[in-house]
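Listing of my_file-v3.txt; format and content: compact mmCIF, C-alpha atoms.
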# COMPACT_ATOMS: atom_id res chain seq x y z
CA MET M 7 109.69 18.78 -97.55
CA SER M 8 111.32 21.15 -95.07
CA LEU M 9 109.52 23.56 -92.77
CA LYS M 10 109.96 27.13 -93.94
CA LYS M 11 110.51 29.77 -91.28
CA ALA M 12 107.56 31.83 -92.54
CA ARG M 13 105.19 29.01 -91.58
CA ILE M 14 106.25 29.05 -87.92
CA LEU M 15 103.82 31.30 -86.08
CA PHE M 16 105.28 30.81 -82.60
CA GLU M 17 108.09 28.82 -81.05
CA ASP M 18 109.71 28.53 -77.64
CA ASN M 19 111.23 25.73 -75.59
CA HIS M 20 107.83 24.12 -75.01
CA LEU M 21 105.63 24.72 -78.08
CA ILE M 22 105.80 25.21 -81.81
CA ILE M 23 102.77 26.53 -83.70
CA VAL M 24 102.69 26.07 -87.48
CA ASN M 25 100.58 27.29 -90.39
CA LYS M 26 99.40 24.09 -92.06
CA LEU M 27 99.01 24.04 -95.83
CA ALA M 28 95.79 22.80 -97.41
CA GLY M 29 96.30 19.20 -98.52
CA GLU M 30 98.95 18.54 -95.90
CA LEU M 31 98.46 15.66 -93.50
CA VAL M 32 98.81 16.49 -89.82
CA GLN M 33 99.40 12.89 -88.76
CA GLY M 34 100.38 9.86 -90.84
CA ASP M 35 97.72 7.70 -92.46
CA PHE M 36 97.29 4.90 -95.02
CA THR M 37 98.55 7.11 -97.89
CA GLY M 38 102.10 7.03 -96.63
CA ASP M 39 102.47 10.76 -97.35
CA LYS M 40 104.83 12.56 -95.00
CA PRO M 41 102.76 14.34 -92.33
CA LEU M 42 103.33 17.73 -90.76
CA LEU M 43 104.19 16.00 -87.49
CA GLU M 44 107.26 14.42 -89.11
CA ILE M 45 108.20 17.64 -90.90
CA VAL M 46 108.18 19.50 -87.58
CA ARG M 47 110.22 16.74 -85.95
CA ASP M 48 112.83 16.95 -88.72
CA TYR M 49 112.96 20.74 -88.38
CA ILE M 50 113.65 20.54 -84.63
CA LYS M 51 116.23 17.79 -85.07
CA VAL M 52 118.19 19.79 -87.62
CA LYS M 53 117.83 23.26 -86.07
CA TYR M 54 118.88 22.20 -82.59
CA GLU M 55 121.26 19.41 -83.72
CA LYS M 56 119.48 16.87 -81.56
CA PRO M 57 120.78 13.28 -81.69
CA GLY M 58 118.44 10.32 -81.66
CA ASN M 59 114.68 10.55 -81.43
CA VAL M 60 113.05 13.97 -81.06
CA PHE M 61 109.88 14.39 -79.02
CA VAL M 62 107.01 16.18 -80.77
CA GLY M 63 103.49 15.86 -79.37
CA LEU M 64 100.38 16.56 -81.40
CA VAL M 65 97.92 18.73 -79.46
CA HIS M 66 95.06 18.80 -82.00
CA ARG M 67 94.33 18.10 -85.67
CA LEU M 68 92.93 19.70 -88.81
CA ASP M 69 91.31 17.88 -91.72
CA ARG M 70 93.67 17.34 -94.66
CA PRO M 71 91.92 19.77 -97.07
CA THR M 72 91.86 22.63 -94.52
CA SER M 73 94.63 25.07 -93.68
CA GLY M 74 95.78 27.11 -90.70
CA ILE M 75 96.99 26.85 -87.13
CA VAL M 76 98.25 23.57 -85.66
CA VAL M 77 99.92 23.36 -82.24
CA PHE M 78 102.69 20.90 -81.39
CA ALA M 79 104.37 20.35 -78.03
CA LYS M 80 108.14 20.02 -77.73
CA THR M 81 108.02 18.49 -74.23
CA SER M 82 105.77 15.92 -72.59
CA LYS M 83 104.90 18.43 -69.84
CA ALA M 84 103.70 20.96 -72.42
CA LEU M 85 101.72 18.27 -74.25
CA THR M 86 99.87 17.21 -71.09
CA ARG M 87 99.06 20.80 -70.16
CA MET M 88 98.01 21.84 -73.67
CA ASN M 89 95.77 18.79 -73.95
CA ALA M 90 94.09 19.89 -70.73
CA LEU M 91 93.57 23.43 -72.08
CA PHE M 92 91.91 22.10 -75.23
CA GLU M 93 89.77 19.62 -73.31
CA LYS M 94 88.54 22.37 -70.97
CA ARG M 95 88.02 24.75 -73.91
CA ASP M 96 90.39 27.26 -72.37
CA VAL M 97 91.48 28.32 -75.84
CA ASP M 98 89.92 30.85 -78.20
CA LYS M 99 90.16 29.39 -81.68
CA ARG M 100 88.57 31.09 -84.69
CA TYR M 101 88.14 29.77 -88.20
CA TRP M 102 87.55 31.74 -91.40
CA THR M 103 85.63 30.16 -94.23
CA LEU M 104 84.16 31.02 -97.63
CA ILE M 105 80.58 30.23 -98.65
CA LYS M 106 78.64 31.14 -101.78
CA GLU M 107 75.08 31.09 -100.49
CA LYS M 108 73.87 33.99 -98.40
CA PRO M 109 73.53 32.89 -94.76
CA ARG M 110 70.13 33.36 -93.18
CA GLN M 111 71.49 35.81 -90.60
CA THR M 112 74.62 37.94 -90.27
CA THR M 113 75.37 36.25 -86.96
CA GLU M 114 73.87 33.07 -85.56
CA ARG M 115 74.45 30.20 -83.16
CA LEU M 116 73.90 26.76 -84.66
CA VAL M 117 73.08 23.67 -82.61
CA HIS M 118 72.79 20.22 -84.15
CA TYR M 119 73.27 16.61 -83.15
CA LEU M 120 75.91 14.86 -85.23
CA LYS M 121 76.53 11.24 -86.04
CA LYS M 122 79.70 10.06 -87.76
CA ASP M 123 79.61 7.37 -90.44
CA PRO M 124 83.15 5.93 -90.37
CA ALA M 125 82.66 3.97 -93.60
CA LYS M 126 81.90 7.19 -95.50
CA ASN M 127 84.17 9.41 -93.36
CA LYS M 128 81.24 11.78 -93.12
CA SER M 129 78.99 13.23 -90.42
CA PHE M 130 75.24 13.75 -90.56
CA THR M 131 73.06 16.22 -88.68
CA TYR M 132 69.98 15.57 -86.59
CA ARG M 133 67.72 18.16 -85.00
CA LYS M 134 66.99 16.13 -81.89
CA GLU M 135 69.05 14.09 -79.49
CA GLN M 136 68.96 10.35 -80.09
CA ASN M 137 71.14 7.27 -79.69
CA GLY M 138 74.61 7.56 -81.16
CA VAL M 139 74.64 11.32 -81.75
CA LYS M 140 76.71 14.09 -80.15
CA LYS M 141 75.67 17.68 -79.58
CA ALA M 142 77.51 20.22 -81.74
CA ALA M 143 77.39 23.99 -81.35
CA LEU M 144 79.11 26.88 -83.11
CA SER M 145 78.56 30.55 -83.79
CA TYR M 146 79.22 32.30 -87.08
CA SER M 147 79.46 35.95 -88.10
CA VAL M 148 79.61 37.44 -91.59
CA LEU M 149 82.82 39.49 -91.82
CA ALA M 150 82.69 40.62 -95.44
CA LYS M 151 81.26 39.92 -98.89
CA SER M 152 82.77 39.78 -102.36
CA GLU M 153 80.84 39.71 -105.61
CA SER M 154 80.12 36.00 -105.23
CA PHE M 155 81.22 34.84 -101.77
CA TYR M 156 80.76 35.56 -98.08
CA LEU M 157 83.59 35.45 -95.55
CA LEU M 158 82.51 33.97 -92.22
CA GLU M 159 84.25 33.77 -88.87
CA ILE M 160 83.43 30.62 -86.90
CA GLU M 161 83.76 30.09 -83.17
CA LEU M 162 83.43 26.49 -82.04
CA GLU M 163 81.84 25.48 -78.76
CA THR M 164 82.39 21.78 -79.37
CA GLY M 165 84.88 19.82 -81.44
CA ARG M 166 83.07 17.21 -83.51
CA HIS M 167 84.05 15.33 -86.66
CA HIS M 168 83.70 17.69 -89.67
CA GLN M 169 81.58 19.95 -87.48
CA ILE M 170 81.94 23.27 -89.30
CA ARG M 171 81.55 21.60 -92.68
CA VAL M 172 78.39 19.67 -91.87
CA GLN M 173 76.70 22.38 -89.78
CA LEU M 174 77.11 25.04 -92.47
CA ALA M 175 75.95 22.59 -95.13
CA SER M 176 72.87 21.85 -93.04
CA ILE M 177 71.71 25.48 -93.36
CA GLY M 178 72.33 25.51 -97.11
CA CYS M 179 75.80 27.10 -96.96
CA PRO M 180 78.40 24.47 -97.88
CA ILE M 181 82.02 25.59 -97.79
CA LYS M 182 83.65 26.54 -101.10
CA GLY M 183 85.28 23.46 -102.62
CA ASP M 184 83.73 20.99 -100.18
CA LEU M 185 82.24 18.40 -102.53
CA LYS M 186 81.61 15.97 -99.67
CA TYR M 187 79.10 18.34 -98.09
CA GLY M 188 77.39 19.68 -101.17
CA PHE M 189 79.46 22.41 -102.81
CA PRO M 190 79.08 21.90 -106.58
CA ARG M 191 82.71 22.47 -107.64
CA SER M 192 86.08 21.54 -106.23
CA ASN M 193 88.91 24.00 -105.66
CA LYS M 194 91.78 23.70 -108.13
CA ASP M 195 94.14 22.44 -105.43
CA ALA M 196 91.54 20.04 -103.93
CA SER M 197 91.40 22.14 -100.76
CA ILE M 198 88.28 23.36 -99.04
CA SER M 199 88.10 27.04 -98.13
CA LEU M 200 88.29 26.56 -94.37
CA HIS M 201 91.18 28.15 -92.50
CA ALA M 202 92.09 27.97 -88.80
CA ARG M 203 92.75 31.70 -88.57
CA SER M 204 93.55 32.60 -84.95
CA LEU M 205 94.31 31.05 -81.59
CA SER M 206 94.62 32.60 -78.13
CA PHE M 207 95.50 30.88 -74.85
CA VAL M 208 97.53 31.27 -71.70
CA HIS M 209 100.84 29.47 -72.14
CA PRO M 210 100.73 26.41 -69.84
CA VAL M 211 104.30 26.88 -68.60
CA SER M 212 105.24 30.58 -68.89
CA LYS M 213 101.66 31.80 -68.23
CA GLU M 214 102.15 34.34 -71.03
CA LEU M 215 99.11 35.21 -73.17
CA ILE M 216 99.75 33.76 -76.62
CA ASN M 217 97.94 35.22 -79.65
CA VAL M 218 98.70 33.85 -83.11
CA LYS M 219 97.17 34.38 -86.55
CA ALA M 220 97.73 32.29 -89.64
CA PRO M 221 98.04 34.26 -92.92
CA LEU M 222 95.34 33.45 -95.44
CA PRO M 223 96.19 30.97 -98.22
CA LEU M 224 96.79 33.05 -101.34
CA SER M 225 96.62 30.28 -103.93
CA ASP M 226 92.91 31.11 -104.36
CA ASN M 227 91.68 34.39 -105.85
CA VAL M 228 88.77 34.67 -103.42
CA TRP M 229 91.12 34.42 -100.44
CA LYS M 230 93.34 36.99 -102.18
CA TYR M 231 90.41 39.38 -102.47
CA PHE M 232 89.54 39.19 -98.78
CA ASN M 233 93.23 39.45 -97.88
CA SER M 234 93.34 42.79 -99.71
CA LEU M 235 90.61 44.26 -97.51
CA GLU M 236 91.05 45.84 -94.11
CA ILE M 237 89.12 42.85 -92.76
CA SER M 238 92.30 40.79 -93.18
CA LYS M 239 93.80 42.69 -90.24
CA ILE M 240 91.22 41.27 -87.81
I need this file expressed as structure tokens, please.
Amino acid sequence: MSLKKARILFEDNHLIIVNKLAGELVQGDFTGDKPLLEIVRDYIKVKYEKPGNVFVGLVHRLDRPTSGIVVFAKTSKALTRMNALFEKRDVDKRYWTLIKEKPRQTTERLVHYLKKDPAKNKSFTYRKEQNGVKKAALSYSVLAKSESFYLLEIELETGRHHQIRVQLASIGCPIKGDLKYGFPRSNKDASISLHARSLSFVHPVSKELINVKAPLPLSDNVWKYFNSLEISKI
């Protein structure tokens, strides 16, 4: 698979930001499927006619069934500095997601304590702090509603395993298609309707303010509906 130009949201000498497809691996795993990391490396090698090994550093990850913004570094200096930005939370990253159940408020901050079960590749929520759990916090806002679904914008305060998925499920609002966390039906393409929509940060080398948005996935009719609204311009 080659990287189409339309999927590149930003590129300079230091960074390349890509719109990940649902179902695409970010980094290689036991499946042996070619990950986005390798696809980006091949793109750089061919475009710039680079001999030998090409450096591409992974700044952060998205779960395989999700879509949206992923940042890669083209130099080790950029990787170190971007890692520091993410660790210090000096990035504004927003997710859009689809849920069927009406949320209890139009905007709310959720705080839970999460524990990951590696054997099940699943996280569980607890209301109180205890051994082996990590605090997780996010805020959501309802952006729009269709006949059957709500479109939420999510702002993360922490970055825990499956955090958005498990926290929304814990208030009775599992993400569309997310069988693992309680949605009753899968999406046709085995995705879940969670999309890393926007990212803003100060470029670690040029100091330019970078703002990128990932177009919504249009393989799903519900995403298509929300894309047709003015809300899609946010």
Just the residues within 10 Å of Ala84 (chain M), please, counting only C-alpha atoms, with nothing from its chain fewer than 3 positions along; format it as a compact mmCIF listing (two decimals) with C-alpha atoms, in the coordinates of the input.
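File result_0.txt, as written:
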# COMPACT_ATOMS: atom_id res chain seq x y z
CA ASN M 19 111.23 25.73 -75.59
CA HIS M 20 107.83 24.12 -75.01
CA LEU M 21 105.63 24.72 -78.08
CA GLY M 63 103.49 15.86 -79.37
CA VAL M 65 97.92 18.73 -79.46
CA PHE M 78 102.69 20.90 -81.39
CA ALA M 79 104.37 20.35 -78.03
CA LYS M 80 108.14 20.02 -77.73
CA THR M 81 108.02 18.49 -74.23
CA ARG M 87 99.06 20.80 -70.16
CA MET M 88 98.01 21.84 -73.67
CA ASN M 89 95.77 18.79 -73.95
CA ALA M 90 94.09 19.89 -70.73
CA HIS M 209 100.84 29.47 -72.14
CA PRO M 210 100.73 26.41 -69.84
CA VAL M 211 104.30 26.88 -68.60
- Task: Show which residues sit within 9 Å of Asp69 (chain M), as a ChimeraX atom specification. Count only C-alpha atoms, and ignore same-chain residues fewer than 5 positions away.
- Result: /M:28-32,168
- Message: What does the structure give for the distance between CA of Ile177 (chain M) and CA of Glu159 (chain M), in Å to one decimal?
- Response: 15.7 Å
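Restricting the calculation to all atoms listed in the file, the smallest distance between Glu17 (chain M) and any of M:Leu91, M:Val228, M:Ile198, M:Ile216 is found for M:Ile216.
You can rank M:His167, M:Ser176, M:Ser8, M:Lys26 by their closest distance to Tyr132 (chain M) using all atoms listed in the file, and at the top of that list sits M:Ser176.
Taking CA of Val148 (chain M) and CA of Ala202 (chain M) as the two end points, the separation is 15.9 Å.
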- Quick one: everything within 9 Å of Arg133 (chain M), counting all atoms listed in the file, minus sequence neighbours fewer than 4 positions away in the same chain. Send it as number ranges by chain. M: 117-120
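Across M:Gln169, M:Asn227, M:Gln111, M:Ser197, the tightest approach to Ser73 (chain M) is made by M:Ser197 when counting all atoms listed in the file.
CA of Leu144 (chain M) to CA of Gln173 (chain M) spans 8.4 Å [interatomic distance, one decimal].
Between Val76 (chain M) and the candidates M:Leu42, M:Ala12, M:Leu162, M:Leu215, the tightest atom-to-atom separation, counting all atoms listed in the file, involves M:Leu42.
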- Task: May I ask which of the residues M:Leu9, M:Val24, M:Leu85, M:Ile181 is the closest one to Phe155 (chain M), counting all atoms listed in the file?
- Result: M:Ile181
- Please provide the set of residues having any atom within 9 Å of Ile50 (chain M), restricted to all atoms listed in the file, with same-chain residues fewer than 5 positions apart removed, written as a PyMOL selection string. chain M and resi 45+55-56+60+62+80
- Task: Just the residues within 8 Å of region 100-107 of chain M, please, counting all atoms listed in the file, with nothing from its chain fewer than 2 positions along; format it as a list in words.
- Result: Asp98, Pro109, Ser154, Phe155, Tyr156, Leu157, Leu158, Glu159, Ile160, Glu161, Leu162, Gly178, Cys179, Pro180, Ile181, Lys182, Ser199, Leu200, His201, Ala202, Arg203, Ser204 and Leu205 of chain M
- Using all atoms listed in the file, the residue out of M:Leu27, M:Leu174, M:Leu15, M:Val52 with shortest distance to Leu224 (chain M) is M:Leu27
